[in-house]
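Data block for query13.cif (mmCIF, C-alpha atoms and all ligand atoms):
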data_data
loop_
_atom_site.label_atom_id
_atom_site.label_comp_id
_atom_site.auth_asym_id
_atom_site.auth_seq_id
_atom_site.Cartn_x
_atom_site.Cartn_y
_atom_site.Cartn_z
CA MET A 18 0.00 0.00 0.00
CA HIS A 19 1.29 3.44 -0.84
CA SER A 20 2.20 5.52 2.18
CA CYS A 21 -0.33 8.30 1.51
CA GLU A 22 -3.07 5.73 0.98
CA ALA A 23 -2.22 4.17 4.33
CA THR A 24 -2.42 7.52 6.03
CA ARG A 25 -5.76 8.30 4.45
CA LEU A 26 -7.07 4.85 5.33
CA VAL A 27 -6.16 5.27 8.99
CA LEU A 28 -7.93 8.59 9.15
CA ALA A 29 -10.94 7.22 7.27
CA ILE A 30 -11.20 4.33 9.72
CA ASP A 31 -11.13 6.79 12.59
CA SER A 32 -13.83 8.92 11.06
CA ALA A 33 -16.05 5.95 10.20
CA ILE A 34 -15.78 4.49 13.65
CA LYS A 35 -16.67 7.78 15.26
CA GLN A 36 -19.69 8.09 13.00
CA PHE A 37 -21.09 4.59 13.15
CA TRP A 38 -19.64 2.98 16.23
CA PRO A 39 -19.16 5.71 18.80
CA THR A 40 -19.20 3.40 21.80
CA CYS A 41 -16.52 1.03 20.56
CA ARG A 42 -13.36 1.82 22.44
CA SER A 43 -10.84 -0.36 20.64
CA ALA A 44 -12.35 -0.92 17.24
CA GLN A 45 -9.66 1.04 15.50
CA SER A 46 -6.79 -0.86 17.05
CA ASP A 47 -8.51 -4.16 16.35
CA PHE A 48 -9.14 -3.15 12.77
CA GLN A 49 -5.59 -2.01 12.22
CA ALA A 50 -4.14 -5.12 13.79
CA SER A 51 -6.31 -7.41 11.70
CA THR A 52 -5.80 -5.37 8.54
CA PHE A 53 -2.10 -4.74 8.64
CA GLY A 54 -0.87 -7.50 10.96
CA SER A 55 2.90 -7.38 10.96
CA ASP A 56 2.98 -5.88 7.48
CA ILE A 57 3.15 -2.31 8.65
CA PRO A 58 2.52 0.35 6.06
CA LEU A 59 5.07 3.05 5.44
CA ILE A 60 3.76 6.53 5.89
CA ASP A 61 5.11 9.96 5.06
CA SER A 62 4.83 11.51 8.49
CA ASP A 63 6.47 10.09 11.59
CA LYS A 64 3.16 9.08 12.98
CA VAL A 65 -0.53 9.31 12.49
CA THR A 66 -2.75 9.65 15.50
CA GLY A 67 -6.45 8.91 15.63
CA HIS A 68 -8.91 8.47 18.41
CA THR A 69 -12.28 6.95 19.13
CA GLN A 70 -14.86 7.46 21.79
CA GLY A 71 -14.96 4.86 24.57
CA GLU A 72 -17.18 3.72 27.42
CA PRO A 73 -18.01 5.47 29.63
CA ILE A 74 -15.43 8.05 28.60
CA GLY A 75 -12.47 6.89 26.61
CA LEU A 76 -10.40 6.96 23.53
CA VAL A 77 -7.74 5.12 21.71
CA ILE A 78 -4.62 6.72 20.36
CA ILE A 79 -3.07 4.75 17.57
CA GLU A 80 0.36 5.55 16.29
CA VAL A 81 1.87 4.18 13.11
CA SER A 82 5.62 4.63 12.88
CA GLN A 83 7.85 3.87 9.95
CA GLU A 84 9.21 0.80 11.72
CA ARG A 85 6.23 -0.85 13.31
CA LEU A 86 2.70 -0.44 14.51
CA LEU A 87 2.62 1.05 17.98
CA SER A 88 -0.42 1.58 20.09
CA MET A 89 -1.03 3.37 23.33
CA GLU A 90 -4.51 2.98 24.60
CA ILE A 91 -5.92 5.67 26.85
CA ILE A 92 -8.95 4.85 28.94
CA ILE A 93 -10.62 7.70 30.78
CA GLN A 94 -12.98 6.64 33.54
CA GLU A 95 -15.31 8.76 35.60
CA ASN A 96 -13.29 8.67 38.82
CA TYR A 97 -10.40 7.16 40.77
CA THR A 98 -12.47 4.20 41.98
CA ALA A 99 -13.33 3.24 38.42
CA ILE A 100 -9.74 3.34 37.19
CA SER A 101 -8.62 1.35 40.21
CA GLN A 102 -11.28 -1.30 39.64
CA GLN A 103 -10.64 -1.58 35.93
CA ALA A 104 -6.90 -1.92 36.42
CA ALA A 105 -7.47 -4.52 39.16
CA ALA A 106 -9.79 -6.49 36.89
CA LEU A 107 -7.10 -6.56 34.22
CA ILE A 108 -4.55 -7.88 36.72
CA ALA A 109 -7.04 -10.43 38.04
CA ASP A 110 -7.66 -11.67 34.50
CA ALA A 111 -3.92 -12.02 33.94
CA VAL A 112 -3.44 -13.97 37.17
CA ARG A 113 -6.44 -16.24 36.52
CA SER A 114 -5.36 -17.06 32.98
CA ARG A 115 -1.71 -17.51 33.97
CA PRO A 116 -1.28 -18.28 37.68
CA THR A 117 2.52 -17.90 37.44
CA THR A 118 2.21 -14.33 36.18
CA VAL A 119 5.13 -12.03 36.99
CA LEU A 120 3.83 -8.66 38.15
CA GLY A 121 5.76 -5.42 38.30
CA LEU A 122 4.39 -3.29 41.13
CA ALA A 123 4.49 0.38 42.05
CA THR A 124 4.17 2.39 45.25
CA GLY A 125 2.75 5.86 45.91
CA SER A 126 -0.79 7.10 46.43
CA THR A 127 -1.99 6.17 42.97
CA PRO A 128 -2.08 2.34 43.18
CA LEU A 129 -3.67 2.24 46.65
CA GLY A 130 -7.19 1.85 45.23
CA LEU A 131 -5.97 -0.83 42.84
CA TYR A 132 -4.36 -2.75 45.72
CA GLN A 133 -7.51 -2.46 47.83
CA GLU A 134 -9.48 -3.96 44.97
CA LEU A 135 -6.97 -6.80 44.52
CA ILE A 136 -7.28 -7.51 48.26
CA ARG A 137 -11.07 -7.58 47.92
CA LEU A 138 -10.84 -9.92 44.93
CA HIS A 139 -8.55 -12.21 46.93
CA GLN A 140 -10.67 -12.21 50.06
CA GLU A 141 -14.14 -12.31 48.48
CA ASP A 142 -13.59 -14.00 45.11
CA GLY A 143 -10.63 -16.23 45.97
CA LEU A 144 -8.20 -14.61 43.55
CA ASP A 145 -5.13 -16.77 44.10
CA PHE A 146 -1.64 -15.23 44.11
CA SER A 147 0.12 -18.35 45.40
CA GLN A 148 2.15 -18.80 42.21
CA VAL A 149 2.58 -15.13 41.36
CA THR A 150 6.00 -13.46 41.43
CA THR A 151 6.37 -9.72 42.01
CA PHE A 152 9.08 -7.15 41.36
CA ASN A 153 8.75 -3.66 42.75
CA LEU A 154 10.00 -0.69 40.82
CA ASP A 155 12.06 1.08 43.42
CA GLU A 156 13.15 1.75 46.99
CA TYR A 157 14.69 4.69 48.82
CA VAL A 158 18.41 4.33 49.50
CA GLY A 159 19.06 4.28 53.22
CA LEU A 160 15.63 3.15 54.42
CA ALA A 161 15.49 -0.30 56.02
CA ALA A 162 12.57 -2.60 55.26
CA ASP A 163 10.93 -1.81 58.61
CA HIS A 164 11.09 1.99 58.12
CA PRO A 165 7.47 3.20 57.86
CA GLN A 166 8.26 5.24 54.73
CA SER A 167 10.18 2.47 52.99
CA TYR A 168 8.56 0.88 50.00
CA HIS A 169 9.07 -2.53 51.62
CA TYR A 170 6.86 -1.36 54.46
CA PHE A 171 4.35 0.22 52.09
CA MET A 172 3.96 -2.93 50.01
CA HIS A 173 3.65 -5.20 53.02
CA ASP A 174 1.16 -2.91 54.71
CA ASN A 175 -0.98 -2.09 51.68
CA LEU A 176 -0.92 -5.37 49.77
CA PHE A 177 1.24 -8.32 50.65
CA ARG A 178 0.04 -8.99 54.19
CA HIS A 179 -3.53 -9.16 52.86
CA ILE A 180 -2.99 -11.57 49.95
CA ASN A 181 -1.12 -14.83 49.40
CA VAL A 182 1.96 -14.08 47.32
CA PRO A 183 4.66 -16.32 48.88
CA ALA A 184 7.33 -14.22 50.61
CA ALA A 185 10.01 -15.92 48.50
CA ASN A 186 8.31 -14.62 45.34
CA ILE A 187 8.32 -10.97 46.45
CA HIS A 188 11.17 -8.81 45.22
CA ILE A 189 11.77 -5.19 46.22
CA PRO A 190 15.08 -3.36 45.76
CA ASP A 191 17.18 -3.32 48.92
CA GLY A 192 17.77 0.28 49.97
CA THR A 193 20.37 -0.75 52.52
CA THR A 194 22.57 -2.84 50.27
CA GLY A 195 26.29 -2.29 50.78
CA ASP A 196 27.00 -2.79 47.08
CA ALA A 197 24.34 -1.05 45.03
CA ARG A 198 25.95 -1.79 41.69
CA ALA A 199 26.06 -5.54 42.34
CA PHE A 200 22.57 -5.45 43.77
CA CYS A 201 21.17 -3.68 40.69
CA GLU A 202 22.80 -6.20 38.37
CA SER A 203 21.41 -9.08 40.38
CA TYR A 204 17.92 -7.50 40.34
CA GLU A 205 18.03 -7.36 36.56
CA GLN A 206 19.20 -10.97 36.43
CA LEU A 207 16.45 -12.05 38.78
CA ILE A 208 13.79 -10.42 36.60
CA ALA A 209 15.25 -12.14 33.55
CA SER A 210 15.50 -15.54 35.22
CA SER A 211 11.90 -15.22 36.37
CA GLY A 212 10.91 -15.02 32.71
CA GLY A 213 10.54 -11.22 32.55
CA ILE A 214 7.69 -9.06 33.79
CA ASP A 215 4.34 -9.95 32.28
CA LEU A 216 2.36 -6.98 33.55
CA GLN A 217 3.88 -3.80 34.94
CA VAL A 218 1.89 -1.31 37.03
CA LEU A 219 3.05 2.31 36.91
CA GLY A 220 2.11 5.64 38.40
CA ILE A 221 3.53 8.84 36.98
CA GLY A 222 5.35 11.65 38.78
CA SER A 223 4.29 15.24 38.32
CA ASP A 224 7.64 15.65 36.53
CA GLY A 225 6.77 12.80 34.15
CA HIS A 226 8.92 10.18 35.83
CA ILE A 227 8.12 6.47 35.83
CA ALA A 228 9.57 4.64 38.83
CA PHE A 229 12.31 7.07 39.91
CA ASN A 230 13.54 7.70 36.38
CA GLU A 231 13.78 11.44 36.69
CA PRO A 232 13.98 13.92 33.79
CA GLY A 233 17.23 13.32 31.94
CA SER A 234 17.33 9.58 32.60
CA SER A 235 18.40 7.56 29.60
CA LEU A 236 15.47 5.85 27.94
CA ASP A 237 17.71 2.75 27.77
CA SER A 238 18.52 2.86 31.47
CA ARG A 239 18.54 -0.25 33.63
CA THR A 240 18.20 -0.76 37.38
CA ARG A 241 20.52 1.68 39.13
CA VAL A 242 20.83 4.34 41.82
CA GLU A 243 19.12 7.58 40.79
CA THR A 244 19.15 11.02 42.41
CA LEU A 245 15.63 12.26 43.09
CA ALA A 246 14.55 15.47 41.37
CA LYS A 247 13.70 18.46 43.56
CA GLN A 248 10.08 18.24 42.39
CA THR A 249 9.86 14.59 43.44
CA ILE A 250 11.32 15.35 46.86
CA GLU A 251 8.72 18.10 47.28
CA ASP A 252 5.93 15.81 46.05
CA ASN A 253 6.94 13.03 48.44
CA ALA A 254 7.59 15.28 51.44
CA ARG A 255 3.94 14.73 52.42
CA PHE A 256 4.87 11.23 53.59
CA PHE A 257 7.80 12.43 55.73
CA ALA A 258 8.22 14.87 58.62
CA SER A 259 9.68 17.41 56.18
CA ALA A 260 11.26 17.65 52.72
CA ASP A 261 14.67 17.38 54.41
CA ALA A 262 13.74 13.91 55.64
CA VAL A 263 13.08 12.56 52.11
CA PRO A 264 16.02 10.43 50.95
CA ILE A 265 17.74 11.96 47.94
CA HIS A 266 18.66 8.67 46.29
CA ALA A 267 16.69 5.62 45.28
CA ILE A 268 17.35 2.31 43.59
CA THR A 269 15.05 2.17 40.60
CA MET A 270 14.33 -0.04 37.67
CA GLY A 271 15.44 1.78 34.54
CA VAL A 272 13.24 2.95 31.70
CA GLY A 273 14.67 0.13 29.59
CA THR A 274 13.85 -2.38 32.32
CA ILE A 275 10.27 -1.14 32.39
CA LEU A 276 9.91 -1.20 28.62
CA ASP A 277 10.88 -4.89 28.63
CA ALA A 278 7.58 -5.71 30.39
CA ARG A 279 5.14 -7.44 28.06
CA LYS A 280 2.23 -5.27 29.09
CA ILE A 281 2.21 -1.98 30.98
CA ILE A 282 -0.62 -0.15 32.73
CA LEU A 283 -0.13 3.40 33.95
CA LEU A 284 -2.64 4.91 36.36
CA ALA A 285 -3.02 8.63 37.01
CA ASN A 286 -5.62 10.71 38.75
CA GLY A 287 -5.94 14.35 39.68
CA ALA A 288 -5.27 17.63 37.92
CA ASN A 289 -1.68 17.82 39.19
CA LYS A 290 -0.85 14.88 36.91
CA ALA A 291 -2.45 16.42 33.80
CA PRO A 292 0.68 18.11 32.37
CA ALA A 293 2.79 14.98 32.86
CA VAL A 294 0.12 12.76 31.32
CA ALA A 295 -0.19 15.03 28.28
CA ALA A 296 3.59 15.12 27.84
CA ALA A 297 3.79 11.34 28.20
CA ALA A 298 1.01 10.53 25.75
CA GLU A 299 1.25 13.35 23.23
CA GLY A 300 4.62 15.03 23.64
CA PRO A 301 7.85 14.06 21.94
CA VAL A 302 9.54 10.89 23.14
CA SER A 303 12.19 12.44 25.31
CA SER A 304 14.18 11.81 28.47
CA ILE A 305 12.73 15.10 29.76
CA CYS A 306 9.54 13.12 30.39
CA THR A 307 10.60 9.53 30.87
CA ALA A 308 6.98 8.31 30.72
CA SER A 309 6.96 9.41 27.06
CA ALA A 310 9.12 6.34 26.35
CA LEU A 311 5.91 4.33 26.76
CA GLN A 312 4.92 5.59 23.31
CA ASN A 313 7.53 3.12 22.05
CA HIS A 314 6.02 0.20 23.95
CA PRO A 315 3.69 -2.06 21.97
CA ASP A 316 1.14 -2.74 24.70
CA THR A 317 0.56 0.11 27.14
CA ILE A 318 -2.73 1.30 28.62
CA PHE A 319 -3.18 4.56 30.51
CA PHE A 320 -6.07 4.53 33.02
CA LEU A 321 -6.97 8.15 33.77
CA ASP A 322 -9.62 10.10 35.58
CA PRO A 323 -10.99 13.18 33.77
CA GLU A 324 -8.75 15.56 35.71
CA ALA A 325 -5.56 13.70 34.82
CA ALA A 326 -6.74 13.58 31.19
CA SER A 327 -7.72 17.23 31.07
CA GLN A 328 -4.70 18.46 29.11
CA LEU A 329 -4.79 15.81 26.41
CA GLN A 330 -5.36 17.51 23.09
CA LYS A 331 -6.51 14.54 21.06
CA THR A 332 -9.51 13.46 23.11
CA ASN A 333 -12.93 13.81 21.66
CA GLY A 334 -14.74 12.96 24.88
P1 LIG A 401 1.92 9.14 43.52
O1 LIG A 401 3.37 8.98 42.88
O2 LIG A 401 1.17 7.92 43.13
O3 LIG A 401 2.16 9.21 44.99
O4 LIG A 401 1.35 10.38 42.96
C1 LIG A 401 3.47 8.55 41.57
C2 LIG A 401 4.91 8.49 41.15
O5 LIG A 401 5.73 9.27 41.66
O6 LIG A 401 5.24 7.66 40.30
#

In structure tokens, what does this structure look like?
Amino acid sequence: MHSCEATRLVLAIDSAIKQFWPTCRSAQSDFQASTFGSDIPLIDSDKVTGHTQGEPIGLVIIEVSQERLLSMEIIIQENYTAISQQAAALIADAVRSRPTTVLGLATGSTPLGLYQELIRLHQEDGLDFSQVTTFNLDEYVGLAADHPQSYHYFMHDNLFRHINVPAANIHIPDGTTGDARAFCESYEQLIASSGGIDLQVLGIGSDGHIAFNEPGSSLDSRTRVETLAKQTIEDNARFFASADAVPIHAITMGVGTILDARKIILLANGANKAPAVAAAAEGPVSSICTASALQNHPDTIFFLDPEAASQLQKTNG
């Protein structure tokens, strides 16, 4: 197919779907996948972006690059509870269909609702995590596992003590390691020897970071020690006695480590995340906003509330 024809076809599909099938959230991506398969059309521009209306509020952004078909799906739900429940349902489906699923997990305020829903699904519906393996994104350097602000403590308190992931299957970076370089290498090896991460959960920082990959981090980066940005320290000061008490370093999975996950879901809620979400989904792929690297991942879904989505330009909802 000629490149211009492909471009026109993509736009025509978008228009037709909006006209005749306004409630179908993923029709365009399904159509493109079934139409083009791995035979990706060349196009003149770097990318073509379309969108469709979803349920109850939603859209799909499809990008066609010169190398391959990329898709980032953006689902906008009415509130935080809805995005938490939808993300939890996706994880539950993954665990039910593959009990040995390897999950990548995040900390922060954002995934709390998701974790509460996973706990409910475990306790009320018998969702079984007994064969699941988990890898957390990051940990503050210098905080021991029993420190109330450590991510070890957070994960135990908010998820692990309520569900049945075996302790041996839980992996969180060690913020007190004496040899961070060796630890980071071994963390990467452990992820690889576990078969890689099937499903990675992410939040997003107000500076566009994913995990603690602050602006300027290489988009190829691997697990390492990172210096926290001033904005992140200010954002996270709410959990500590003061900003001065926030550790300035963290061990974090790299952007490259995250992009190796087979599927990625990013959750964001609240107006303070709107600029970062817009930069991640619609800005240039750049280390200035490390979440923008997700545009180069073949299977990423953003779950957003309307406030977090409010600066997206390409929505039609
Ligand atoms: P938050 O943090 O969920 O506490 O807003 C998100 C992040 O920094 O990745």

Do you have the CA of Gly220 (chain A)-CA of Ala185 (chain A) distance handy? 25.1 Å

Once 4 Å is added on each side, what centre and edge lengths in Å to one decimal does the axis-aligned box around all listed atoms of region 87-97 of chain A have, as AutoDock Vina command-line options?
--center_x -6.3 --center_y 4.9 --center_z 29.4 --size_x 25.9 --size_y 15.7 --size_z 30.8

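You will find CA of Ser235 (chain A) at 23.5 Å from CA of Thr194 (chain A).
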
Give me, please, the distance in Å between CA of Leu216 (chain A) and CA of Thr124 (chain A), quoted to one decimal. 15.1 Å

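Distances from A:Leu138, A:Val263, A:Cys201, A:Leu176 to Ala106 (chain A) were compared using only C-alpha atoms, and the smallest one belongs to A:Leu138.
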